[in-house]
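Novice: Input run_12.txt, format and content: compact mmCIF, C-alpha atoms and all ligand atoms.
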```txt
# COMPACT_ATOMS: atom_id res chain seq x y z
CA MET P 1 0.00 0.00 0.00
CA GLU P 2 1.58 3.25 -1.15
CA ILE P 3 0.82 6.58 0.53
CA ARG P 4 3.14 9.37 1.67
CA ILE P 5 2.17 10.60 5.13
CA ALA P 6 3.31 14.09 6.14
CA ALA P 7 5.77 13.47 8.95
CA HIS P 8 5.75 16.95 10.50
CA PRO P 9 4.50 16.92 14.12
CA VAL P 10 2.41 20.04 13.40
CA ALA P 11 0.48 18.05 10.78
CA ARG P 12 -0.31 15.35 13.35
CA HIS P 13 -1.34 17.96 15.90
CA LEU P 14 -3.68 19.64 13.40
CA VAL P 15 -5.34 16.35 12.37
CA SER P 16 -6.00 15.55 16.04
CA GLN P 17 -7.91 18.80 16.39
CA LEU P 18 -9.86 18.16 13.18
CA ARG P 19 -10.89 14.75 14.55
CA ASP P 20 -12.30 16.24 17.77
CA LYS P 21 -16.08 16.43 17.41
CA ALA P 22 -16.10 19.52 19.65
CA THR P 23 -14.21 21.54 16.98
CA PRO P 24 -16.71 24.02 15.47
CA PRO P 25 -16.85 24.85 11.71
CA ALA P 26 -14.92 28.15 11.89
CA ARG P 27 -12.03 26.47 13.72
CA PHE P 28 -12.32 23.43 11.44
CA ARG P 29 -11.84 25.67 8.37
CA SER P 30 -8.86 27.39 9.92
CA LEU P 31 -7.20 24.06 10.87
CA THR P 32 -7.85 22.80 7.33
CA ASN P 33 -6.05 25.86 5.93
CA GLN P 34 -3.03 25.33 8.15
CA LEU P 35 -2.80 21.62 7.41
CA THR P 36 -3.21 22.15 3.67
CA VAL P 37 -0.12 24.37 3.62
CA ILE P 38 1.95 21.46 4.96
CA LEU P 39 0.37 18.94 2.59
CA ALA P 40 0.71 21.21 -0.45
CA LEU P 41 4.41 21.76 0.29
CA GLU P 42 4.88 17.99 0.65
CA ALA P 43 3.11 17.37 -2.67
CA THR P 44 5.19 19.95 -4.54
CA ASP P 45 8.67 19.36 -3.13
CA ASP P 46 9.99 18.57 -6.62
CA LEU P 47 8.25 21.32 -8.65
CA PRO P 48 10.60 22.58 -11.34
CA LEU P 49 12.33 25.94 -10.94
CA GLU P 50 13.51 28.25 -13.72
CA ARG P 51 16.23 30.87 -13.81
CA GLN P 52 15.22 34.52 -13.63
CA SER P 53 17.22 37.75 -13.47
CA ILE P 54 16.13 40.19 -10.79
CA GLU P 55 17.46 43.38 -9.26
CA THR P 56 17.96 43.28 -5.51
CA PRO P 57 18.27 46.73 -3.90
CA LEU P 58 22.06 46.26 -4.22
CA GLU P 59 22.79 44.45 -7.50
CA SER P 60 21.56 42.26 -10.35
CA PHE P 61 21.05 38.66 -9.37
CA GLU P 62 20.34 35.47 -11.31
CA THR P 63 17.82 33.63 -9.15
CA GLU P 64 15.29 30.77 -9.30
CA VAL P 65 11.50 31.01 -9.42
CA LEU P 66 8.79 28.38 -9.81
CA GLU P 67 7.93 27.46 -13.38
CA ARG P 68 4.37 28.44 -14.25
CA GLY P 69 1.72 25.97 -15.25
CA PHE P 70 0.68 23.93 -12.28
CA VAL P 71 -2.96 22.92 -11.70
CA VAL P 72 -5.10 22.16 -8.65
CA VAL P 73 -8.45 20.37 -8.87
CA PRO P 74 -10.55 20.26 -5.70
CA ILE P 75 -13.31 17.64 -5.53
CA LEU P 76 -16.50 19.46 -4.48
CA ARG P 77 -17.58 20.06 -1.96
CA ALA P 78 -15.09 19.17 0.79
CA GLY P 79 -12.05 19.74 -1.43
CA LEU P 80 -12.97 23.42 -1.54
CA GLY P 81 -11.78 23.68 2.06
CA MET P 82 -8.24 22.96 0.87
CA LEU P 83 -8.28 25.43 -2.02
CA PRO P 84 -7.63 28.82 -0.30
CA ALA P 85 -4.31 27.70 1.20
CA ILE P 86 -3.08 26.35 -2.14
CA VAL P 87 -4.07 29.45 -4.09
CA GLU P 88 -2.38 31.63 -1.46
CA LEU P 89 0.81 29.57 -1.62
CA PHE P 90 0.84 29.32 -5.44
CA PRO P 91 -0.86 32.46 -6.82
CA ASP P 92 -0.23 31.38 -10.44
CA VAL P 93 -1.99 28.04 -10.09
CA SER P 94 -4.85 27.21 -12.49
CA VAL P 95 -7.94 25.79 -10.81
CA GLY P 96 -10.31 23.11 -12.11
CA TYR P 97 -13.42 21.79 -10.35
CA ILE P 98 -14.97 18.33 -10.15
CA GLY P 99 -18.33 17.91 -8.42
CA LEU P 100 -18.85 14.41 -7.02
CA ALA P 101 -21.35 13.28 -4.40
CA ARG P 102 -21.51 9.87 -2.73
CA ASP P 103 -24.88 8.14 -2.55
CA HIS P 104 -25.67 7.75 1.16
CA THR P 105 -26.72 4.10 0.77
CA THR P 106 -24.28 2.71 -1.80
CA ALA P 107 -21.33 5.11 -1.17
CA VAL P 108 -20.91 5.27 -4.94
CA ALA P 109 -20.03 8.79 -6.14
CA SER P 110 -21.77 10.40 -9.09
CA SER P 111 -20.56 13.39 -11.03
CA TYR P 112 -22.53 16.65 -11.18
CA TYR P 113 -19.93 19.17 -12.40
CA LEU P 114 -16.67 19.21 -14.33
CA LYS P 115 -14.63 22.21 -15.43
CA LEU P 116 -10.92 21.68 -16.07
CA PRO P 117 -8.22 24.01 -17.35
CA SER P 118 -5.58 22.64 -19.72
CA VAL P 119 -3.81 19.86 -17.79
CA ALA P 120 -1.62 18.26 -20.47
CA THR P 121 2.08 18.43 -19.48
CA LYS P 122 1.23 20.13 -16.16
CA ARG P 123 1.58 18.87 -12.59
CA THR P 124 -2.00 18.45 -11.31
CA LEU P 125 -2.94 18.13 -7.66
CA VAL P 126 -6.35 16.52 -7.11
CA VAL P 127 -7.39 17.55 -3.61
CA ASP P 128 -10.05 15.94 -1.44
CA PRO P 129 -9.69 15.68 2.34
CA MET P 130 -11.28 12.21 2.69
CA LEU P 131 -10.10 9.12 0.81
CA ALA P 132 -12.61 6.45 1.91
CA THR P 133 -13.50 3.80 -0.71
CA GLY P 134 -11.42 5.67 -3.27
CA GLY P 135 -14.35 5.86 -5.69
CA SER P 136 -14.44 9.68 -5.81
CA ALA P 137 -10.67 10.04 -6.15
CA CYS P 138 -10.49 7.44 -8.94
CA GLN P 139 -13.30 9.16 -10.86
CA ALA P 140 -11.59 12.52 -10.49
CA ILE P 141 -8.24 11.12 -11.64
CA ASP P 142 -10.01 9.44 -14.59
CA ALA P 143 -11.39 12.85 -15.58
CA VAL P 144 -7.98 14.55 -15.35
CA LYS P 145 -6.38 11.75 -17.39
CA ALA P 146 -9.18 11.94 -19.98
CA ALA P 147 -8.30 15.64 -20.35
CA GLY P 148 -4.65 14.73 -21.03
CA GLY P 149 -3.16 14.88 -17.52
CA THR P 150 -0.14 12.64 -16.98
CA ASP P 151 1.55 14.08 -13.85
CA ILE P 152 -1.09 13.72 -11.13
CA ARG P 153 -0.88 13.70 -7.33
CA LEU P 154 -3.73 13.09 -4.93
CA VAL P 155 -3.70 15.15 -1.73
CA CYS P 156 -5.95 14.13 1.15
CA VAL P 157 -6.18 14.69 4.89
CA VAL P 158 -7.35 11.28 6.13
CA ALA P 159 -7.10 8.07 4.10
CA ALA P 160 -8.55 4.62 4.69
CA PRO P 161 -6.49 1.57 3.65
CA GLU P 162 -9.35 0.55 1.33
CA GLY P 163 -9.16 3.84 -0.57
CA VAL P 164 -5.38 3.83 -0.80
CA ARG P 165 -5.45 0.28 -2.23
CA GLU P 166 -8.12 1.23 -4.77
CA VAL P 167 -6.22 4.29 -6.03
CA ASN P 168 -2.96 2.29 -6.11
CA ARG P 169 -4.76 -0.44 -8.12
CA GLN P 170 -6.52 1.83 -10.64
CA HIS P 171 -3.85 4.54 -10.84
CA PRO P 172 -0.43 3.14 -9.84
CA ASP P 173 1.23 6.20 -11.40
CA VAL P 174 -0.48 8.61 -8.96
CA THR P 175 1.33 9.44 -5.72
CA ILE P 176 -0.98 9.91 -2.71
CA ILE P 177 -0.02 12.43 -0.04
CA GLY P 178 -1.97 12.50 3.22
CA ALA P 179 -1.83 13.55 6.85
CA ALA P 180 -3.13 10.28 8.36
CA LEU P 181 -3.72 6.67 7.38
CA ASP P 182 -6.64 5.40 9.44
CA ARG P 183 -7.77 1.90 10.45
CA GLU P 184 -10.74 0.96 8.26
CA LEU P 185 -14.17 1.85 6.87
CA ASN P 186 -17.38 1.18 8.80
CA ASP P 187 -20.53 -0.39 7.26
CA GLN P 188 -21.60 3.03 5.91
CA ARG P 189 -18.17 3.47 4.32
CA TYR P 190 -17.10 6.19 6.77
CA ILE P 191 -13.49 6.24 7.91
CA LEU P 192 -12.65 4.96 11.43
CA PRO P 193 -11.51 6.64 13.63
CA GLY P 194 -11.81 9.40 11.00
CA LEU P 195 -13.36 12.77 11.67
CA GLY P 196 -16.91 12.33 10.38
CA ASP P 197 -18.28 14.00 7.27
CA PHE P 198 -15.66 16.56 6.28
CA GLY P 199 -17.99 18.65 4.09
CA ASP P 200 -20.63 18.87 6.81
CA ARG P 201 -18.07 19.85 9.45
CA LEU P 202 -16.47 22.42 7.15
CA TYR P 203 -19.74 24.10 6.20
CA GLY P 204 -21.84 23.50 9.33
CA THR P 205 -24.41 21.32 7.56
CA LEU P 206 -24.59 18.49 10.13
C1 LIG O 301 -16.85 12.84 0.66
C2 LIG O 301 -15.40 13.27 0.57
C3 LIG O 301 -14.92 12.59 -0.67
C4 LIG O 301 -15.71 11.30 -0.65
C5 LIG O 301 -14.79 10.20 -0.21
O1 LIG O 301 -17.61 13.59 -0.20
O2 LIG O 301 -15.23 14.65 0.54
O3 LIG O 301 -15.18 13.30 -1.85
O4 LIG O 301 -16.77 11.47 0.27
O5 LIG O 301 -15.43 8.98 -0.26
P1 LIG O 301 -15.02 7.84 -1.28
O6 LIG O 301 -13.55 7.69 -1.19
O7 LIG O 301 -15.76 6.63 -0.73
O8 LIG O 301 -15.51 8.19 -2.65
P2 LIG O 301 -19.22 13.53 -0.27
O9 LIG O 301 -19.65 12.64 -1.39
O10 LIG O 301 -19.78 13.21 1.08
O11 LIG O 301 -19.61 14.98 -0.73
P3 LIG O 301 -19.36 16.43 -0.09
O12 LIG O 301 -17.88 16.71 -0.23
O13 LIG O 301 -20.18 17.29 -0.97
O14 LIG O 301 -19.81 16.43 1.33
N1 LIG O 302 -16.47 11.21 3.43
C1 LIG O 302 -16.30 11.87 4.58
O1 LIG O 302 -16.48 13.11 4.62
N2 LIG O 302 -15.94 11.18 5.67
C2 LIG O 302 -15.73 9.85 5.65
O2 LIG O 302 -15.40 9.26 6.68
C3 LIG O 302 -15.92 9.16 4.43
C4 LIG O 302 -16.29 9.87 3.33
```
Starting from the coordinates I provided, produce the structure as structure tokens.
Ligand code: PRP
Ligand code: URA
Specialist:
Amino acid sequence: MEIRIAAHPVARHLVSQLRDKATPPARFRSLTNQLTVILALEATDDLPLERQSIETPLESFETEVLERGFVVVPILRAGLGMLPAIVELFPDVSVGYIGLARDHTTAVASSYYLKLPSVATKRTLVVDPMLATGGSACQAIDAVKAAGGTDIRLVCVVAAPEGVREVNRQHPDVTIIGAALDRELNDQRYILPGLGDFGDRLYGTL
């Protein structure tokens, strides 16, 4: 089973607070922002740099800046919680959206929205905080690949072993980056110990 778990103690501390059912939506959103910064840095630690000449206040200097042309695709709705931190960190990022909702009985996700920028030849981060069965993530990755994407990473907060295995099986080329690998899914396909329904906790729709 292949998943990269962010090792930083701050990431573990933040996930613990997200798990706590007493954490209210405003705090939940703020913790999500902080954690996404760590995860986004982890998922982009090999982004290419290019040379650029600048003027410091003292002299000309040949420096390095990030190459343009990187894409982030949040899976609606919960993935939207991870978007502000990524856009803040990478102001030149292009943003695509994929709307997927799991059926409450079958846990099978169906698509209700898709709008992607050009992804061919660009690093694309698919972001969704919860990787449960892996159905939503695999559908989102399918959509990015159908649009020409070849360099895809999946960034989540909490992953279940079942979801990691499914993404590894369907998309062995996609690296998964997460903050926690949990024990298992329950009968309703919720992650245990997990943190509940991320979208509901983020937007106060419990
Ligand atoms: C949640 C979550 C993921 C999906 C994970 O979304 O945000 O997208 O479930 O489950 P899976 O791995 O079994 O597909 P949900 O469908 O509840 O929609 P929401 O984000 O709009 O709340
Ligand atoms: N989606 C969530 O928001 N939480 C889970 O535990 C599983 C899917």
Novice: Mind listing the residues within 9 Å of ligand LIG 302 (chain O), only C-alpha atoms and all ligand atoms counted, as a list in words?
Specialist: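 Based on only C-alpha atoms and all ligand atoms, ligand LIG 302 (chain O) is surrounded within 9 Å by Ala78, Arg102, Ala107, Pro129, Met130, Leu131, Ala132, Thr133, Val158, Ala159, Ala160, Leu185, Asn186, Gln188, Arg189, Tyr190, Ile191, Leu192, Pro193, Gly194, Leu195, Gly196, Asp197, Phe198, Gly199, Asp200 and Arg201 of chain P.
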Novice: Using only C-alpha atoms and all ligand atoms, can you tell me which of P:Thr121, P:Ser111, P:Gln170, P:Thr175 comes closest to ligand LIG 301 (chain O)?
Specialist: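 Closest candidate: P:Ser111.
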Novice: Between P:Leu202, P:Val144, P:Ala179, P:Leu116, which is the closest to His13 in chain P once you count all atoms listed in the file?
Specialist: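 Nearest to His13 in chain P: P:Ala179.
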Novice: Which of these, P:Gly99, P:Gly69, P:Pro91, P:Gly79, has the shortest distance to Cys156 in chain P once you count all atoms listed in the file?
Specialist: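 Closest candidate: P:Gly79.
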Novice: So the first atom is CA of Arg77 in chain P and the second is atom C3 of ligand LIG 301 (chain O); what is the distance between them in Å, to one decimal place?
Specialist: 8.0 Å
Novice: Find the residues near Val87 in chain P: any atom within 12 Å, counting all atoms listed in the file, skip ones fewer than 2 places away on the same chain, and give them as a list of chain:residue names.
Specialist: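 Residues near the query, excluding close chain neighbours: P:Asn33, P:Thr36, P:Val37, P:Ala40, P:Phe70, P:Val71, P:Val72, P:Val73, P:Pro74, P:Leu80, P:Gly81, P:Met82, P:Leu83, P:Pro84, P:Ala85, P:Leu89, P:Phe90, P:Pro91, P:Asp92, P:Val93, P:Ser94, P:Val95, P:Gly96, P:Leu125.
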Novice: Which residues are close to Pro172 in chain P, i.e. within 10 Å by all atoms listed in the file, leaving aside same-chain residues fewer than 6 positions away? Reply as a list in words.
Specialist: Glu2, Arg165 and Glu166 of chain P
Novice: Filtering to C-alpha atoms, could you give me those residues as a PDB file, keeping the file's coordinate frame?
Specialist:
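Output saved as result.pdb:
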```
ATOM      1  CA  GLU P   2       1.580   3.250  -1.150  1.00  0.00           C
ATOM      2  CA  ARG P 165      -5.450   0.280  -2.230  1.00  0.00           C
ATOM      3  CA  GLU P 166      -8.120   1.230  -4.770  1.00  0.00           C
TER       4      GLU P 166
END
```
Novice: Edge lengths and centre in Å to one decimal, as JSON, is what I'm after for the box along x, y and z that holds all listed atoms of range 159-171 of chain P once 4 Å is added on each side.
Specialist:
```
{"center_x": -6.2, "center_y": 3.8, "center_z": -3.1, "size_x": 14.4, "size_y": 16.5, "size_z": 23.5}
```
